[in-house]
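Participant: Dropping in query15.cif, which is mmCIF, C-alpha atoms and all ligand atoms:
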data_input
#
loop_
_atom_site.group_PDB
_atom_site.id
_atom_site.type_symbol
_atom_site.label_atom_id
_atom_site.label_comp_id
_atom_site.auth_asym_id
_atom_site.auth_seq_id
_atom_site.Cartn_x
_atom_site.Cartn_y
_atom_site.Cartn_z
ATOM 1 C CA MET P 24 4.236 21.691 23.431
ATOM 2 C CA ASN P 25 5.107 25.077 21.934
ATOM 3 C CA ASP P 26 3.033 27.672 20.108
ATOM 4 C CA TYR P 27 3.838 26.188 16.725
ATOM 5 C CA ASP P 28 2.473 22.782 17.555
ATOM 6 C CA HIS P 29 -0.991 22.172 16.303
ATOM 7 C CA LYS P 30 -2.824 19.421 18.077
ATOM 8 C CA LEU P 31 -4.989 17.824 15.422
ATOM 9 C CA PHE P 32 -7.580 16.723 17.939
ATOM 10 C CA PRO P 33 -8.030 19.020 20.926
ATOM 11 C CA THR P 34 -9.362 16.604 23.522
ATOM 12 C CA SER P 35 -7.401 16.588 26.729
ATOM 13 C CA ASN P 36 -9.475 14.039 28.627
ATOM 14 C CA TRP P 37 -8.510 10.631 27.348
ATOM 15 C CA VAL P 38 -9.896 7.595 29.089
ATOM 16 C CA ILE P 39 -9.033 3.971 28.447
ATOM 17 C CA LEU P 40 -11.204 1.255 29.917
ATOM 18 C CA PRO P 41 -9.194 -1.042 32.220
ATOM 19 C CA SER P 42 -10.465 -4.020 30.208
ATOM 20 C CA VAL P 43 -8.891 -2.540 27.071
ATOM 21 C CA TYR P 44 -5.634 -1.861 28.920
ATOM 22 C CA LEU P 45 -5.572 -5.538 29.898
ATOM 23 C CA GLN P 46 -6.172 -6.553 26.272
ATOM 24 C CA LEU P 47 -3.213 -4.430 25.151
ATOM 25 C CA GLU P 48 -1.042 -5.937 27.868
ATOM 26 C CA LYS P 49 -2.095 -9.470 27.008
ATOM 27 C CA ASP P 50 -1.602 -9.034 23.249
ATOM 28 C CA SER P 51 1.835 -7.449 23.775
ATOM 29 C CA LEU P 52 3.023 -10.195 26.129
ATOM 30 C CA THR P 53 1.498 -12.983 24.012
ATOM 31 C CA ARG P 54 3.248 -11.802 20.851
ATOM 32 C CA TYR P 55 6.527 -11.016 22.651
ATOM 33 C CA PRO P 56 9.318 -10.980 21.375
ATOM 34 C CA GLN P 57 7.476 -9.753 18.279
ATOM 35 C CA GLU P 58 5.703 -6.404 18.067
ATOM 36 C CA ALA P 59 1.960 -6.465 18.616
ATOM 37 C CA CYS P 60 -0.200 -4.032 16.657
ATOM 38 C CA GLY P 61 -3.845 -3.162 16.326
ATOM 39 C CA ILE P 62 -6.413 -0.430 16.377
ATOM 40 C CA LEU P 63 -8.186 1.363 19.190
ATOM 41 C CA LEU P 64 -11.884 2.071 18.893
ATOM 42 C CA GLY P 65 -14.159 4.230 20.979
ATOM 43 C CA GLU P 66 -16.198 7.401 21.265
ATOM 44 C CA ALA P 67 -14.843 10.925 20.995
ATOM 45 C CA THR P 68 -16.323 14.367 21.502
ATOM 46 C CA ALA P 69 -14.593 17.731 21.654
ATOM 47 C CA ALA P 70 -14.431 17.401 25.435
ATOM 48 C CA SER P 71 -13.462 13.808 26.025
ATOM 49 C CA ALA P 72 -12.665 10.496 24.416
ATOM 50 C CA VAL P 73 -13.079 6.958 25.677
ATOM 51 C CA ILE P 74 -11.161 4.023 24.221
ATOM 52 C CA ASP P 75 -13.492 1.090 24.733
ATOM 53 C CA ASP P 76 -12.278 -1.568 22.301
ATOM 54 C CA TYR P 77 -9.080 -3.004 20.821
ATOM 55 C CA VAL P 78 -8.812 -5.009 17.620
ATOM 56 C CA PRO P 79 -5.467 -6.805 17.203
ATOM 57 C CA LEU P 80 -4.159 -6.832 13.626
ATOM 58 C CA ASN P 81 -1.544 -9.149 12.165
ATOM 59 C CA ASN P 82 1.977 -7.791 12.008
ATOM 60 C CA THR P 83 3.209 -8.589 8.510
ATOM 61 C CA SER P 84 6.655 -7.013 8.879
ATOM 62 C CA SER P 85 9.535 -9.222 7.720
ATOM 63 C CA GLN P 86 11.297 -8.189 10.952
ATOM 64 C CA PRO P 87 8.457 -8.352 13.484
ATOM 65 C CA GLU P 88 10.906 -8.204 16.415
ATOM 66 C CA GLN P 89 11.878 -4.664 15.372
ATOM 67 C CA HIS P 90 9.009 -3.308 13.289
ATOM 68 C CA PHE P 91 5.324 -3.570 12.624
ATOM 69 C CA SER P 92 3.338 -3.480 9.392
ATOM 70 C CA LEU P 93 -0.420 -3.607 9.609
ATOM 71 C CA GLU P 94 -1.888 -6.397 7.505
ATOM 72 C CA PRO P 95 -3.237 -4.295 4.598
ATOM 73 C CA ARG P 96 -6.626 -5.997 4.146
ATOM 74 C CA GLU P 97 -7.324 -5.833 7.883
ATOM 75 C CA TRP P 98 -6.230 -2.188 8.071
ATOM 76 C CA VAL P 99 -8.401 -1.220 5.101
ATOM 77 C CA LYS P 100 -11.401 -2.687 6.902
ATOM 78 C CA TYR P 101 -10.885 -0.301 9.811
ATOM 79 C CA CYS P 102 -9.113 2.762 8.430
ATOM 80 C CA TYR P 103 -12.377 4.658 7.853
ATOM 81 C CA HIS P 104 -14.256 3.057 10.724
ATOM 82 C CA PRO P 105 -16.435 5.729 12.391
ATOM 83 C CA ARG P 106 -15.177 4.638 15.834
ATOM 84 C CA LEU P 107 -11.480 4.531 14.924
ATOM 85 C CA LEU P 108 -9.558 6.548 17.507
ATOM 86 C CA GLY P 109 -6.010 5.311 17.468
ATOM 87 C CA LEU P 110 -3.264 2.932 16.574
ATOM 88 C CA PHE P 111 -1.444 0.709 19.040
ATOM 89 C CA HIS P 112 1.815 -1.190 18.738
ATOM 90 C CA SER P 113 4.273 -2.630 21.201
ATOM 91 C CA HIS P 114 8.030 -2.413 21.635
ATOM 92 C CA PRO P 115 9.207 -5.808 22.914
ATOM 93 C CA THR P 116 12.593 -4.639 24.160
ATOM 94 C CA ALA P 117 12.500 -0.833 24.009
ATOM 95 C CA PRO P 118 10.748 1.848 26.042
ATOM 96 C CA PRO P 119 7.349 3.156 24.853
ATOM 97 C CA TYR P 120 8.799 6.068 22.898
ATOM 98 C CA PRO P 121 8.390 6.507 19.145
ATOM 99 C CA SER P 122 11.284 5.112 17.133
ATOM 100 C CA GLN P 123 12.762 6.749 14.056
ATOM 101 C CA THR P 124 10.766 4.250 11.963
ATOM 102 C CA ASP P 125 7.558 5.053 13.857
ATOM 103 C CA LEU P 126 7.989 8.728 13.025
ATOM 104 C CA LEU P 127 8.783 7.956 9.380
ATOM 105 C CA GLN P 128 5.635 5.813 9.114
ATOM 106 C CA LEU P 129 3.446 8.345 10.902
ATOM 107 C CA PRO P 130 2.225 10.161 7.731
ATOM 108 C CA LEU P 131 0.680 6.865 6.572
ATOM 109 C CA PHE P 132 -1.820 6.950 9.430
ATOM 110 C CA ALA P 133 -1.785 10.421 10.926
ATOM 111 C CA ASP P 134 -4.755 11.872 9.062
ATOM 112 C CA LEU P 135 -6.974 8.990 10.157
ATOM 113 C CA LEU P 136 -6.023 8.868 13.836
ATOM 114 C CA LYS P 137 -6.508 10.952 16.929
ATOM 115 C CA LEU P 138 -4.155 9.047 19.162
ATOM 116 C CA TYR P 139 -1.029 6.937 18.906
ATOM 117 C CA VAL P 140 -0.283 4.473 21.695
ATOM 118 C CA ILE P 141 2.923 2.540 22.272
ATOM 119 C CA GLY P 142 3.242 -0.344 24.707
ATOM 120 C CA SER P 143 6.518 -1.676 26.045
ATOM 121 C CA CYS P 144 7.547 -5.087 27.356
ATOM 122 C CA GLU P 145 11.006 -3.791 28.181
ATOM 123 C CA GLY P 146 10.641 -3.904 31.932
ATOM 124 C CA LYS P 147 11.001 -7.096 33.940
ATOM 125 C CA ARG P 148 8.764 -8.117 36.790
ATOM 126 C CA PRO P 149 10.671 -8.616 39.992
ATOM 127 C CA GLY P 150 11.259 -12.214 40.979
ATOM 128 C CA ALA P 151 13.170 -15.251 39.870
ATOM 129 C CA ASN P 152 11.329 -15.853 36.600
ATOM 130 C CA ALA P 153 11.732 -12.191 35.490
ATOM 131 C CA ARG P 154 8.899 -12.193 32.976
ATOM 132 C CA PRO P 155 8.511 -9.095 30.818
ATOM 133 C CA ASP P 156 6.374 -6.351 32.295
ATOM 134 C CA PHE P 157 4.029 -4.046 30.392
ATOM 135 C CA THR P 158 3.918 -0.265 30.339
ATOM 136 C CA MET P 159 2.183 2.088 27.957
ATOM 137 C CA GLN P 160 2.374 5.672 26.701
ATOM 138 C CA GLY P 161 -0.175 7.599 24.645
ATOM 139 C CA TYR P 162 0.617 10.428 22.205
ATOM 140 C CA TYR P 163 -1.333 13.135 20.449
ATOM 141 C CA ILE P 164 -0.587 13.483 16.777
ATOM 142 C CA ILE P 165 0.517 17.032 16.089
ATOM 143 C CA ARG P 166 2.018 19.034 13.271
ATOM 144 C CA ASP P 167 5.250 20.788 14.095
ATOM 145 C CA GLN P 168 6.401 24.188 12.807
ATOM 146 C CA ARG P 169 7.627 22.622 9.562
ATOM 147 C CA GLY P 170 4.219 21.072 8.927
ATOM 148 C CA LEU P 171 5.490 17.590 9.701
ATOM 149 C CA PHE P 172 3.572 15.141 11.841
ATOM 150 C CA ALA P 173 4.978 14.599 15.303
ATOM 151 C CA LEU P 174 3.906 13.002 18.575
ATOM 152 C CA SER P 175 3.283 14.738 21.880
ATOM 153 C CA LYS P 176 2.749 12.843 25.130
ATOM 154 C CA ALA P 177 -0.870 12.330 26.201
ATOM 155 C CA GLU P 178 -2.057 11.032 29.529
ATOM 156 C CA LEU P 179 -4.467 8.110 29.347
ATOM 157 C CA VAL P 180 -6.619 7.739 32.433
ATOM 158 C CA GLN P 181 -7.998 4.348 33.368
ATOM 159 C CA VAL P 182 -11.562 4.652 34.569
HETATM 160 ZN ZN ZN J 1 7.505 1.550 17.453
#
What do you get writing this file as structure tokens?

Facilitator:
Amino acid sequence: MNDYDHKLFPTSNWVILPSVYLQLEKDSLTRYPQEACGILLGEATAASAVIDDYVPLNNTSSQPEQHFSLEPREWVKYCYHPRLLGLFHSHPTAPPYPSQTDLLQLPLFADLLKLYVIGSCEGKRPGANARPDFTMQGYYIIRDQRGLFALSKAELVQV
């Protein structure tokens, strides 16, 4: 992060409950090879934030293997929820880094969110059946020097 970057939400202590991590993993693997998506709820103060709930939303994209679109009526129900912290989606076959499309879509959500989380089913568990494995990366939503929204890696601690 450089001097120009403006973190929209200053918290540096992000915690995700292990039960929520397991929900994200399960939803991502259940919907594989399509992208899972949903919202992250919890409590945030200036000093810390705890993600304590996940609500899966339907992915209405016409190409759900490559993209996600939040089901509009479901999203509207939660977009001004007082406990809304972040947005989650999974990449079935790519690493948990924002795609070009993710960055293009970011302005649709960025003002409402504090955190952006991407899961990945790209890895394979060792062994003969080689099932997909789950990893995850969190991001702060920032504005870069041009005033555009961008993502900066955030560590999510499981407590
Ligand atoms: Zn993505």

Participant: What does the PyMOL selection byres (((chain P and resi 96-102) around 10) and not hetatm) select in this file, as a list of chain:residue names?

Facilitator: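 On the file shown, the PyMOL selection byres (((chain P and resi 96-102) around 10) and not hetatm) covers P:Gly61, P:Ile62, P:Leu63, P:Leu64, P:Val78, P:Pro79, P:Leu80, P:Asn81, P:Ser92, P:Leu93, P:Glu94, P:Pro95, P:Tyr103, P:His104, P:Pro105, P:Arg106, P:Leu107, P:Leu108, P:Gly109, P:Phe132, P:Leu135, P:Leu136.
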
Participant: Which is closest to ligand ZN 1 (chain J) among P:Asp50, P:Asp167, P:Asp75, P:Glu58, if we use all atoms listed in the file?

Facilitator: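 For ligand ZN 1 (chain J), the nearest of the given residues is P:Glu58.
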
Participant: From the list P:Leu40, P:Leu127, P:Ile141, P:Ile74, which residue is nearest ligand ZN 1 (chain J) when using all atoms listed in the file?

Facilitator: P:Ile141

Participant: When distances are computed from only C-alpha atoms, which of P:Met159, P:Val73, P:Leu45, P:Leu179 shows the smallest separation from P:His112?

Facilitator: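 Residue with the minimum atom-to-atom distance to P:His112: P:Met159.
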
Participant: If the limit is 7 Å from any atom of ligand ZN 1 (chain J), counting only C-alpha atoms and all ligand atoms, which residues qualify? Return them as a VMD selection string.

Facilitator: chain P and resid 90 112 to 114 121 to 122 124 to 125 141

Participant: Near P:Val182, within 9 Å and counting only C-alpha atoms, which residues show up once chain neighbours fewer than 6 positions away are dropped, as a list in words?

Facilitator: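 Answer for this query is Val38, Ile39, Leu40 and Pro41 of chain P.
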
Participant: Just say which residues the PyMOL selection byres (((chain P and resi 178) around 7) and not hetatm) picks in this file, as a list in words.

Facilitator: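 On the file shown, the PyMOL selection byres (((chain P and resi 178) around 7) and not hetatm) covers Trp37, Gly161, Lys176, Ala177, Leu179 and Val180 of chain P.
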
Participant: Output the residue selection produced by the PyMOL selection byres (((chain P and resi 144-155) around 8) and not hetatm) on the file above, formatted as a ChimeraX atom specification.

Facilitator: /P:51-52,55,113-118,142-143,156-158

Participant: Go ahead and compute the interatomic distance for atom CA of P:Leu126 and atom CA of P:Phe172, in Å to one decimal.

Facilitator: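 Straight-line distance from atom CA of P:Leu126 to atom CA of P:Phe172 works out to 7.9 Å.
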
Participant: Hey, which of P:Ala67, P:Ala72, P:Cys60, P:Leu131 ends up closest to P:Glu88? Count all atoms listed in the file.

Facilitator: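 Smallest separation from P:Glu88 among the options: P:Cys60.
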
Participant: List as a PDB file with C-alpha atoms, in the frame of the given file the protein and nucleic acid residues near P:Ser175, meaning an atom at most 8 Å away when all atoms listed in the file are counted, but skip any in the same chain fewer than 4 places from it.

Facilitator:
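File written: selection-v2.pdb
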ATOM      1  CA  MET P  24       4.236  21.691  23.431  1.00  0.00           C
ATOM      2  CA  TYR P 162       0.617  10.428  22.205  1.00  0.00           C
ATOM      3  CA  TYR P 163      -1.333  13.135  20.449  1.00  0.00           C
ATOM      4  CA  ILE P 164      -0.587  13.483  16.777  1.00  0.00           C
ATOM      5  CA  ILE P 165       0.517  17.032  16.089  1.00  0.00           C
TER       6      ILE P 165
END

Participant: Which distance in Å separates atom CA of P:Ala59 and atom CA of P:Gln46, to one decimal?

Facilitator: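 Atom CA of P:Gln46 lies at a distance of 11.2 Å from atom CA of P:Ala59.
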
Participant: Could you tell me how far atom CA of P:Asn36 lies from atom CA of P:Ala70, in Å and to one decimal?

Facilitator: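 Between these atoms lies a distance of 6.8 Å.
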
Participant: When distances are computed from only C-alpha atoms, which of P:Phe91, P:Ser85, P:Phe111, P:Thr68 shows the smallest separation from P:Glu48?

Facilitator: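 For P:Glu48, the nearest of the given residues is P:Phe111.
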
Participant: P:Gln160, P:Ser84, P:Gln89, P:Ser42: which is nearest P:Gln181, counting only C-alpha atoms?

Facilitator: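 Of P:Gln160, P:Ser84, P:Gln89, P:Ser42, the one nearest P:Gln181 is P:Ser42, counting only C-alpha atoms.
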
Participant: Starting from 8 Å padding per side, set up an axis-aligned box that covers all listed atoms of stretch 40-47 of chain P and hand over centre and edge lengths in Å, one decimal, as lines of an AutoDock Vina configuration file.

Facilitator:
center_x = -7.2
center_y = -2.6
center_z = 28.7
size_x = 24.0
size_y = 23.8
size_z = 23.1
